[in-house]
Amino acid sequence: MTPIEIALEEAAAAAARGEVPVGAVVTDEQGQVLARAGNEVEARHDAAAHAEMLVLREAAARLGSPRLTGCTLTVTLEPCPMCAQAASFFRVRRIVFGAYDPKGGGVDHGARIFAASSCHHVPEVVGGVREQDCAALLRHFFAGRR
């Protein structure tokens, strides 16, 4: 299974729990999964319990380091400004995401965290991976709530 497929699986599981369907995974330089999660904002009553935050923290704990140099964060939705900044602080090598988020994104949209002169670490970014599948999961989830 590829990292984006794992992230999609986590997003679908989050949707089944009533969470916004965003899934994330952190892999090491060899492609081994260090952490995987879906959003847990509602379950934890924690606005910061985004899938990205959960996997970044878990991967760092697993490696015993606050830095994830050499690691890739793969997520189904463009990271928000909070998650983009966290990825920078964790020093991830690369971010891969699926759907673009013109309203709440922090990478290619909105705050554009990595373009700011105050950003100390800029990872490689690849957007639009399995974009249609990732966006469809979100559309379906929100259509059921309108």
# chains A, B, ... in the order shown; residues from 1 in each chain; ligands from 1
$ residues_around --residues "Cys119 of chain A" --least-positions-apart "4" --cutoff "12 Å" --atoms "only C-alpha atoms" --output "ChimeraX atom specification"
/A:81,84-89,91,107,111-115,123
$ write_last_selection --atoms "C-alpha atoms" --output "short mmCIF file (atom, residue, chain, number, x, y, z; two decimals), in the first residue's frame"
data_model
loop_
_atom_site.label_atom_id
_atom_site.label_comp_id
_atom_site.auth_asym_id
_atom_site.auth_seq_id
_atom_site.Cartn_x
_atom_site.Cartn_y
_atom_site.Cartn_z
CA PRO A 81 -1.30 26.84 8.51
CA ALA A 84 2.29 23.34 7.81
CA GLN A 85 4.15 25.26 10.51
CA ALA A 86 4.39 22.12 12.65
CA ALA A 87 5.84 20.20 9.69
CA SER A 88 8.45 22.94 9.37
CA PHE A 89 9.30 22.77 13.08
CA ARG A 91 11.89 19.46 9.91
CA VAL A 107 0.88 25.62 1.81
CA ALA A 111 -0.92 31.81 4.73
CA ARG A 112 1.57 30.02 2.44
CA ILE A 113 3.74 29.21 5.45
CA PHE A 114 6.75 28.03 3.45
CA ALA A 115 6.90 31.25 1.43
CA PRO A 123 10.25 21.03 2.93
#
$ residues_around --residues "Pro66 of chain A" --least-positions-apart "5" --cutoff "10 Å" --atoms "only C-alpha atoms" --output "list in words"
Leu56, Arg57, Ala59, Ala60, Ala61, Phe89, Phe90 and Arg91 of chain A
$ select_by_dssp --residues "chain A" --states "strand (DSSP E)" --output "list in words"
Gly23, Ala24, Val25, Val26, Thr27, Val33, Leu34, Ala35, Arg36, Ala37, Gly38, Thr72, Leu73, Thr74, Val75, Thr76, Leu77, Arg94, Ile95, Val96, Phe97, Gly98, Ala99, Glu124, Val125 and Val126 of chain A
$ write_last_selection --atoms "C-alpha atoms" --output "short mmCIF file (atom, residue, chain, number, x, y, z; two decimals), in the first residue's frame"
data_model
loop_
_atom_site.label_atom_id
_atom_site.label_comp_id
_atom_site.auth_asym_id
_atom_site.auth_seq_id
_atom_site.Cartn_x
_atom_site.Cartn_y
_atom_site.Cartn_z
CA GLY A 23 -5.81 11.09 6.98
CA ALA A 24 -2.05 11.34 7.33
CA VAL A 25 1.01 9.12 7.48
CA VAL A 26 4.69 9.71 8.20
CA THR A 27 7.22 7.47 6.48
CA VAL A 33 5.42 3.78 8.13
CA LEU A 34 6.28 5.46 11.42
CA ALA A 35 2.78 6.74 12.21
CA ARG A 36 -0.68 6.90 10.68
CA ALA A 37 -3.88 8.59 11.84
CA GLY A 38 -7.06 10.31 10.87
CA THR A 72 7.79 12.37 4.46
CA LEU A 73 4.40 13.55 5.67
CA THR A 74 1.62 12.37 3.36
CA VAL A 75 -1.86 13.79 3.91
CA THR A 76 -5.14 13.70 2.01
CA LEU A 77 -5.73 17.47 2.25
CA ARG A 94 8.85 16.35 2.17
CA ILE A 95 5.10 16.92 2.30
CA VAL A 96 2.84 15.09 -0.15
CA PHE A 97 -0.85 15.98 -0.17
CA GLY A 98 -3.93 15.10 -2.16
CA ALA A 99 -6.71 17.69 -2.35
CA GLU A 124 9.81 19.79 -0.60
CA VAL A 125 6.08 19.92 -1.40
CA VAL A 126 4.13 17.76 -3.85
#
$ select_by_dssp --residues "segment 20-91 of chain A" --states "alpha helix (DSSP H)" --output "PyMOL selection string"
chain A and resi 41-44+51-63+81-89
$ atom_distance --atom1 "atom CA of Gly18 of chain A" --atom2 "atom CA of Gly144 of chain A"
10.8 Å
$ closest_residue --among "A:Leu63, A:Val129, A:Val122, A:Ala135" --to "Val22 of chain A" --atoms "only C-alpha atoms"
A:Ala135
$ closest_residue --among "A:Ala7, A:Met53, A:His45, A:Thr69" --to "Asp28 of chain A" --atoms "only C-alpha atoms"
A:Thr69
$ closest_residue --among "A:Arg139, A:Lys103, A:His50, A:Arg130" --to "Leu8 of chain A" --atoms "only C-alpha atoms"
A:Arg130
